[in-house]
Amino acid sequence: MARPGAFDEIWGTSRDQSARPEFAALAEWISSTSEAELSRRQQAAEIAFRQLGITFAVYGEDEAAERIIPFDIIPRIFTPREWSNLTVGLEQRVLAINAFLRDIYSDRKILRDKVIPEELILRNPQFLPQMVGARPPHGIYAHICGIDLVRTGPDSFFVLEDNARTPSGVSYMLENREAMLRLCPELFEIFPVAAVDSYPDMLRETMQSVAPRGANKDPVCVILTPGHFNSAFYEHSFLADNIGIELVEAADLEVIDNFVWMRTIDGPVKVDVIYRRIDDDFIDPLVFRPDSLLGVPGLIAAYLAGNVALVNAPGTGIADDKAIYSYMPEIVRYYTGEDAKLPNVETYRCREPSQLSYVLANLDDLVVKLVDGSGGYGMLVGPTATRAQIEEFRDKLKAEPQRYIAQPTLALSTVPTLNDKEIAPRHVDFRPFVLTGADSVKIVPGGLTRVALREGSLVVNSSQGGGTKDSFVLMRSQDQA
Amino acid sequence: MLSRTALNLYWIGRYMERAEFTARLLEATIRLDALSHRPAGASAWRSALLVAAAEVAFDEKGEPVNASNVARFLALAPDNPSSIRSCIQAARTNARAVRTALSREAWEGVNRAWMSVRDRTSTGGTQATLNLIDQVKAEARGFEGALHRMLRNEPTWFIRLGAAIERADNSARLLDVKYHLLLPADAVVGGTIDRDQWTTILHTVSAVTAYRWLYRDGLKPWLVAELLILRNELPRSLAASMEEVVTLLTALSRRSGKQGEADRLARSKLTRLRQSSIDALFQSGLHEYLQNFLTENGRLDQAIAQQFRFA
């Protein structure tokens, strides 16, 4: 069942039909459930998702304004040991990310110690000079991080990307689990799966813990959405609903004397913590893009005055910039004194001439990415690209090398996936969600597994034909109730 | 609750109610067209356009007034903001913006209603139109059922408030148009009437059986008017709608401890309805009465918007 060259998370590297011993029960389940039955359940899940309106919009596709992300019914599974190793590495990484953000927006010790080239920060469009000297409540910048991981072998996990701005996808983690509980209840009898439904409570506690001084006794927390035409609106409303807080748009908020108020049917109510799902550029037309209609005029002034907490803080984009990414091992070591427990994928910085010439000579084998790109756009996957695409990227790289990084094409792990004809291995990645509050870092045991549904494809982005799977984290036997 | 949320909820109520009313109107008109002893034809369809306040918009298209054109316009036309499809679409857009205020079932109710009309561009033959109507009615009932299972607090109250205001508006318009059309100025109370036309009114507000139970009498125009205006037993009567408006506004103001212009207007409207008799309404002119009711209903809508800071 395993794809030649790739590690399959269920079948391991074996070419015969025996699964990894810990997942033998899943293999048994797959073989004893007919493909027609699996396919029927998968369709039921997709119908349910459509009825719930769990949709996303694809930029540049007006016709299909609302699509659902394909859901695959065969779960991916982490053993207790795999999971505990991951969480240790994730905690270390987000602690370092927050320490890094605090430093570069205040003392810039890391620049003085020449760990990172100064111009890479100060000339980076993701670095917001307006935020220098800001003191976010409790010193936390990146309260919610989605760390994208890939795997190449039994114990080989790599961080592919740090999402420290407004990572999305957590609603899929929760809804996929609901669908699995409904459609495949027997799997939860076979495996002791850790629950993920505590995520909304964890997020609320995290938000309340970072309320500024002088906040309401029971801090008023809200989610700020660009509105219901945004591609991730379902998630915004889903979270607000499950946390039990208001979902506000910019027009619902008003800043008076550096305090933020929301308009309610009973008059204004003071807001303490805003989980904003609006990008930095658009958040306050007085400070950033003046043409933004999505933002709240005066919000940044209220934030700088210490009267409101913004989750995540403005300016976190510098931490997940792909040019900074290549320095993450150094950043982790600098702030934690330890080596990174979760390694980076080897990365060539095209801004450096020697690395650029290596990249240009090996375009056929590399993945080239824009340093400020996301969603799988503006990227070249060498091994599957056409000659013309490669030549196009060669020109782009020569013209603006500083805009690109390159990475080797990884043999991403696969998980058995149901397609029209059969069950076959498909490449996956994984996004766990890491919450940083005033006192603690919390990680819900689960995350978003994205799967590239096309055979051989390595691109898992939902905008590019990717789907999702439930991600089981198994409990240790003593953890079970 | 956010003012914008309250505004969206209120309009979900209005749009869903309007969609269902238009469905009933279409159903009753098809029936009138089919059953009339003499061909009802264009006049039946023109009066349906009048009741739906869609006459001007329809005439702008320059299409002849006939069953298929009017049915399509009232049911599905995207360029008719009051078509069933447009109403459900607007309700869904509002619902999507306030997902957090709705129960999952209530959202699914609106979303399913939208999916049932989303891809329809043609009403098809009469039978297909009736099937579509049945479906819309079923979806509207499903939504209402879900609404009754939601928490009894602001979100439910605002949706129901919008629905009650809309219902009063629709019933008043239905009665006004049909009366205007059916009873020429010189007609005397108790004169001969067009049975089928009167049944149409009752069908539109699903009150055929209710009429029999309440009056045990043949169809009399003034009794139909009394049923639709004054009898609070009939859910779609003006009196029942206004009672609901007052109840909902009271629930909302009890929560906040504050009353406003909307409460005052609604209570005074209800008091006057309770004190009226159908004879008095006829003597002072039913058309004038209904026109005045509609104007006041518009004023009440404005007062609600102001009181809850919709703008």
# chains A, B, ... in the order shown; residues from 1 in each chain; ligands from 1
>>> closest_atom_pairs(of="chain A", to="chain B", cutoff="10 Å", atoms="only C-alpha atoms", output="tab-separated table")
residue	atom	partner	partner_atom	distance
A:Ala48	CA	B:Glu108	CA	9.8
A:Arg50	CA	B:Asn111	CA	9.0
A:Gln51	CA	B:Glu108	CA	6.0
A:Leu52	CA	B:Glu108	CA	6.0
A:Gly53	CA	B:Asn111	CA	7.5
A:Gly227	CA	B:Ala97	CA	7.2
A:His228	CA	B:Ala97	CA	5.3
A:Phe229	CA	B:Ala97	CA	8.8
A:Phe233	CA	B:Ala97	CA	8.5
A:Tyr234	CA	B:Arg96	CA	8.3
A:His236	CA	B:Thr100	CA	9.2
A:Ser237	CA	B:Thr100	CA	5.6
A:Phe238	CA	B:Thr100	CA	6.9
A:Leu239	CA	B:Thr100	CA	8.6
A:Ala240	CA	B:Thr100	CA	6.4
A:Asp241	CA	B:Thr100	CA	4.6
A:Asn242	CA	B:Thr100	CA	8.3
A:Ile243	CA	B:Thr100	CA	9.9
A:Gly244	CA	B:Thr100	CA	8.3
A:Ile245	CA	B:Thr100	CA	8.6
A:Glu246	CA	B:Leu2	CA	7.6
A:Leu247	CA	B:Thr100	CA	7.2
A:Val248	CA	B:Leu2	CA	7.8
A:Glu249	CA	B:Arg4	CA	9.0
A:Ala251	CA	B:Arg4	CA	8.6
A:Asp252	CA	B:Arg4	CA	7.1
A:Leu253	CA	B:Leu2	CA	9.7
A:Met262	CA	B:Leu2	CA	7.3
A:Arg263	CA	B:Leu2	CA	5.8
A:Thr264	CA	B:Leu2	CA	4.0
A:Ile265	CA	B:Phe308	CA	4.7
A:Asp266	CA	B:Ser256	CA	6.9
A:Gly267	CA	B:Arg309	CA	8.0
A:Pro268	CA	B:Leu2	CA	9.3
A:Val269	CA	B:Leu2	CA	9.5
>>> write_last_selection(atoms="N, CA and C atoms", output="short mmCIF file (atom, residue, chain, number, x, y, z; two decimals), in the first residue's frame")
data_model
loop_
_atom_site.label_atom_id
_atom_site.label_comp_id
_atom_site.auth_asym_id
_atom_site.auth_seq_id
_atom_site.Cartn_x
_atom_site.Cartn_y
_atom_site.Cartn_z
N ALA A 48 -23.73 16.93 4.92
CA ALA A 48 -23.91 17.62 6.20
C ALA A 48 -23.12 18.92 6.23
N ARG A 50 -22.32 20.75 3.72
CA ARG A 50 -22.94 21.76 2.86
C ARG A 50 -24.19 22.34 3.54
N GLN A 51 -24.95 21.47 4.20
CA GLN A 51 -26.14 21.99 4.89
C GLN A 51 -25.77 22.95 6.02
N LEU A 52 -24.66 22.66 6.67
CA LEU A 52 -24.20 23.55 7.73
C LEU A 52 -23.60 24.82 7.14
N GLY A 53 -23.27 24.77 5.86
CA GLY A 53 -22.64 25.94 5.24
C GLY A 53 -21.18 26.05 5.60
N GLY A 227 -16.24 40.23 7.64
CA GLY A 227 -17.63 40.18 7.19
C GLY A 227 -17.93 38.85 6.51
N HIS A 228 -19.21 38.68 6.17
CA HIS A 228 -19.61 37.34 5.74
C HIS A 228 -19.25 37.03 4.30
N PHE A 229 -18.57 37.97 3.62
CA PHE A 229 -18.08 37.61 2.29
C PHE A 229 -16.66 37.08 2.34
N PHE A 233 -15.29 33.13 6.75
CA PHE A 233 -16.35 33.62 7.63
C PHE A 233 -17.00 32.50 8.43
N TYR A 234 -17.15 31.36 7.79
CA TYR A 234 -17.78 30.26 8.54
C TYR A 234 -17.02 30.00 9.83
N HIS A 236 -15.11 32.05 11.50
CA HIS A 236 -15.25 33.15 12.46
C HIS A 236 -16.55 32.98 13.26
N SER A 237 -17.62 32.69 12.54
CA SER A 237 -18.90 32.59 13.22
C SER A 237 -18.95 31.32 14.07
N PHE A 238 -18.35 30.26 13.55
CA PHE A 238 -18.31 29.01 14.30
C PHE A 238 -17.62 29.20 15.65
N LEU A 239 -16.48 29.89 15.62
CA LEU A 239 -15.74 30.08 16.86
C LEU A 239 -16.50 30.98 17.83
N ALA A 240 -17.04 32.09 17.32
CA ALA A 240 -17.78 33.00 18.20
C ALA A 240 -18.93 32.24 18.87
N ASP A 241 -19.59 31.42 18.06
CA ASP A 241 -20.73 30.67 18.55
C ASP A 241 -20.31 29.69 19.64
N ASN A 242 -19.21 28.99 19.40
CA ASN A 242 -18.81 27.96 20.34
C ASN A 242 -18.13 28.52 21.58
N ILE A 243 -17.54 29.71 21.45
CA ILE A 243 -16.96 30.33 22.63
C ILE A 243 -18.06 31.06 23.41
N GLY A 244 -19.08 31.52 22.69
CA GLY A 244 -20.14 32.28 23.34
C GLY A 244 -19.78 33.75 23.46
N ILE A 245 -19.15 34.30 22.41
CA ILE A 245 -18.84 35.74 22.41
C ILE A 245 -19.37 36.36 21.12
N GLU A 246 -19.42 37.69 21.10
CA GLU A 246 -19.98 38.37 19.93
C GLU A 246 -19.02 38.29 18.75
N LEU A 247 -19.60 38.14 17.57
CA LEU A 247 -18.85 38.24 16.32
C LEU A 247 -19.11 39.64 15.77
N VAL A 248 -18.09 40.49 15.76
CA VAL A 248 -18.33 41.87 15.36
C VAL A 248 -17.66 42.18 14.03
N GLU A 249 -18.23 43.15 13.33
CA GLU A 249 -17.59 43.73 12.16
C GLU A 249 -17.11 45.13 12.56
N ALA A 251 -17.90 47.98 11.66
CA ALA A 251 -18.95 48.98 11.87
C ALA A 251 -19.60 48.84 13.25
N ASP A 252 -19.39 47.70 13.91
CA ASP A 252 -19.97 47.51 15.24
C ASP A 252 -19.10 48.11 16.33
N LEU A 253 -17.87 48.49 15.96
CA LEU A 253 -16.94 49.00 16.97
C LEU A 253 -16.68 50.48 16.76
N MET A 262 -18.44 48.57 21.63
CA MET A 262 -19.28 47.99 20.58
C MET A 262 -20.71 48.48 20.73
N ARG A 263 -21.35 48.62 19.57
CA ARG A 263 -22.72 49.13 19.56
C ARG A 263 -23.69 47.98 19.79
N THR A 264 -24.47 48.09 20.84
CA THR A 264 -25.45 47.04 21.10
C THR A 264 -26.84 47.65 21.17
N ILE A 265 -27.83 46.79 21.25
CA ILE A 265 -29.21 47.28 21.31
C ILE A 265 -29.46 48.05 22.59
N ASP A 266 -28.58 47.90 23.58
CA ASP A 266 -28.76 48.65 24.82
C ASP A 266 -27.79 49.82 24.94
N GLY A 267 -27.04 50.11 23.86
CA GLY A 267 -26.06 51.18 23.94
C GLY A 267 -24.65 50.61 23.93
N PRO A 268 -23.62 51.47 24.10
CA PRO A 268 -22.23 51.01 23.96
C PRO A 268 -21.76 50.11 25.10
N VAL A 269 -20.94 49.11 24.76
CA VAL A 269 -20.34 48.21 25.75
C VAL A 269 -18.84 48.19 25.50
#
>>> residues_around(residues="stretch 157-169 of chain A", least_positions_apart="5", cutoff="7 Å", atoms="only C-alpha atoms", output="PyMOL selection string")
chain A and resi 142+144-152+277+312+316-317+319-320+342-345+448
>>> closest_residue(among="B:Arg231, B:Arg118, B:Gly285, B:Leu248", to="B:Leu273", atoms="only C-alpha atoms")
B:Arg231
>>> closest_residue(among="A:Leu412, A:Val332, A:Met475, A:Ala36", to="A:Trp83", atoms="only C-alpha atoms")
A:Met475
>>> residues_around(residues="A:Glu455", least_positions_apart="6", cutoff="9 Å", atoms="only C-alpha atoms", output="VMD selection string")
chain A and resid 424 to 427
>>> write_last_selection(atoms="C-alpha atoms", output="mmCIF file, in the first residue's frame")
data_model
loop_
_atom_site.group_PDB
_atom_site.id
_atom_site.type_symbol
_atom_site.label_atom_id
_atom_site.label_comp_id
_atom_site.auth_asym_id
_atom_site.auth_seq_id
_atom_site.Cartn_x
_atom_site.Cartn_y
_atom_site.Cartn_z
ATOM 1 C CA ALA A 424 -4.719 4.868 -2.130
ATOM 2 C CA PRO A 425 -1.930 6.753 -0.381
ATOM 3 C CA ARG A 426 -2.046 10.545 -0.622
ATOM 4 C CA HIS A 427 0.394 13.116 0.755
#
>>> residues_around(residues="A:Asp439", least_positions_apart="5", cutoff="12 Å", atoms="only C-alpha atoms", output="compact mmCIF listing (two decimals) with N, CA and C atoms, in the first residue's frame")
# COMPACT_ATOMS: atom_id res chain seq x y z
N LEU A 95 7.18 29.65 22.20
CA LEU A 95 7.83 30.49 23.21
C LEU A 95 8.91 31.33 22.55
N HIS A 138 0.56 41.59 28.89
CA HIS A 138 1.24 40.36 29.28
C HIS A 138 2.37 39.98 28.33
N GLY A 139 2.75 40.90 27.47
CA GLY A 139 3.91 40.65 26.61
C GLY A 139 3.73 39.57 25.57
N ILE A 140 2.51 39.22 25.27
CA ILE A 140 2.30 38.15 24.29
C ILE A 140 1.88 38.74 22.95
N HIS A 143 -0.71 34.87 20.15
CA HIS A 143 -1.52 34.04 21.06
C HIS A 143 -1.96 32.75 20.38
N GLU A 205 -10.35 30.95 27.53
CA GLU A 205 -9.46 31.17 28.68
C GLU A 205 -8.22 31.95 28.27
N THR A 206 -7.69 31.59 27.10
CA THR A 206 -6.50 32.30 26.61
C THR A 206 -6.82 33.78 26.40
N MET A 207 -7.96 34.05 25.78
CA MET A 207 -8.32 35.44 25.51
C MET A 207 -8.54 36.20 26.82
N GLN A 208 -9.27 35.58 27.74
CA GLN A 208 -9.53 36.28 29.00
C GLN A 208 -8.24 36.53 29.77
N SER A 209 -7.30 35.59 29.67
CA SER A 209 -6.07 35.73 30.46
C SER A 209 -5.23 36.91 30.00
N VAL A 210 -5.40 37.35 28.74
CA VAL A 210 -4.56 38.45 28.26
C VAL A 210 -5.30 39.79 28.27
>>> residues_around(residues="stretch 206-222 of chain B", least_positions_apart="3", cutoff="12 Å", atoms="only C-alpha atoms", output="PyMOL selection string")
chain B and resi 20-21+23-25+27-28+137+171+175+178-180+182-183+187-203+225-237+277-283+286
>>> closest_residue(among="B:Gly13, B:Thr204, B:Asp301, B:Thr295", to="B:Ala91", atoms="only C-alpha atoms")
B:Gly13
>>> select_by_dssp(residues="stretch 375-404 of chain A", states="strand (DSSP E)", output="list in words")
Met379, Leu380, Val381 and Tyr404 of chain A
>>> residues_around(residues="stretch 67-75 of chain A", least_positions_apart="4", cutoff="10 Å", atoms="only C-alpha atoms", output="NGL selection string")
:A and (10 or 26 or 29-30 or 38-39 or 41-43 or 45-47 or 49-50 or 53-58 or 63 or 172 or 176-177 or 179-180 or 183-184 or 187 or 231 or 415-419 or 423 or 449-451 or 453 or 461-463 or 465-472)
>>> write_last_selection(atoms="C-alpha atoms", output="compact mmCIF listing (two decimals), in the first residue's frame")
# COMPACT_ATOMS: atom_id res chain seq x y z
CA ILE A 10 -0.55 3.68 8.57
CA LEU A 26 -7.42 0.61 11.53
CA TRP A 29 -11.43 -1.59 9.87
CA ILE A 30 -10.52 -0.39 6.37
CA LEU A 38 -17.00 4.24 3.18
CA SER A 39 -17.93 6.26 0.18
CA ARG A 41 -20.44 7.79 4.72
CA GLN A 42 -18.08 10.26 3.10
CA GLN A 43 -20.89 11.61 0.97
CA ALA A 45 -20.42 13.97 5.70
CA GLU A 46 -20.12 16.27 2.71
CA ILE A 47 -23.88 16.74 2.51
CA PHE A 49 -21.08 20.11 5.69
CA ARG A 50 -22.94 21.76 2.86
CA GLY A 53 -22.64 25.94 5.24
CA ILE A 54 -19.07 24.94 6.10
CA THR A 55 -17.82 26.59 2.99
CA PHE A 56 -14.86 28.56 1.88
CA ALA A 57 -14.44 30.94 -1.02
CA VAL A 58 -11.66 30.59 -3.52
CA GLU A 63 -18.53 31.29 -9.94
CA TYR A 172 -12.42 21.96 10.24
CA ASN A 176 -14.35 16.81 10.99
CA ARG A 177 -14.39 15.22 14.41
CA ALA A 179 -18.60 14.05 11.36
CA MET A 180 -16.37 11.12 12.32
CA LEU A 183 -20.43 8.41 10.79
CA CYS A 184 -17.74 6.08 12.16
CA LEU A 187 -13.49 3.80 15.32
CA SER A 231 -13.56 33.14 2.72
CA VAL A 415 -2.13 8.40 4.55
CA PRO A 416 -4.60 6.01 2.87
CA THR A 417 -7.29 8.10 1.24
CA LEU A 418 -10.55 7.19 -0.43
CA ASN A 419 -10.87 8.33 -4.02
CA ILE A 423 -8.16 3.56 -1.31
CA THR A 449 -4.66 17.31 8.47
CA ARG A 450 -4.67 18.50 4.90
CA VAL A 451 -4.40 15.98 2.11
CA LEU A 453 -6.20 14.53 -3.23
CA ASN A 461 -3.93 23.89 0.08
CA SER A 462 -7.70 23.89 -0.05
CA SER A 463 -7.58 26.56 -2.76
CA GLY A 465 -7.56 20.97 -4.69
CA GLY A 466 -6.65 19.82 -1.20
CA GLY A 467 -8.96 18.10 1.24
CA THR A 468 -8.98 17.44 4.97
CA LYS A 469 -9.01 14.47 7.31
CA ASP A 470 -9.67 14.01 10.96
CA SER A 471 -6.50 13.72 13.05
CA PHE A 472 -6.70 11.25 15.91
>>> closest_residue(among="B:Val51, B:Ala251, B:Ala57, B:Ile30", to="B:Ala71", atoms="only C-alpha atoms")
B:Ile30
>>> select_by_dssp(residues="stretch 250-447 of chain A", states="helix (DSSP H, G or I)", output="count of residues only")
61
>>> atom_distance(atom1="atom CA of B:Leu151", atom2="atom CA of B:Ala138")
22.3 Å
>>> closest_residue(among="A:Val441, A:Ala385, A:Leu224, A:Val371", to="A:Phe282", atoms="only C-alpha atoms")
A:Leu224
>>> residues_around(residues="B:Ile159", least_positions_apart="2", cutoff="8 Å", atoms="only C-alpha atoms", output="ChimeraX atom specification")
/B:9-14,155-157,161-163
>>> write_last_selection(atoms="C-alpha atoms", output="short mmCIF file (atom, residue, chain, number, x, y, z; two decimals), in the first residue's frame")
data_model
loop_
_atom_site.label_atom_id
_atom_site.label_comp_id
_atom_site.auth_asym_id
_atom_site.auth_seq_id
_atom_site.Cartn_x
_atom_site.Cartn_y
_atom_site.Cartn_z
CA LEU B 9 -32.38 38.91 12.72
CA TYR B 10 -35.33 41.21 12.26
CA TRP B 11 -34.91 41.01 8.49
CA ILE B 12 -34.54 37.25 8.50
CA GLY B 13 -37.99 37.24 10.08
CA ARG B 14 -39.40 39.67 7.53
CA PRO B 155 -32.48 36.41 18.81
CA THR B 156 -35.83 34.61 18.67
CA TRP B 157 -37.68 37.75 19.65
CA LEU B 161 -40.81 40.64 15.61
CA GLY B 162 -39.76 41.04 11.97
CA ALA B 163 -42.10 38.22 10.98
#
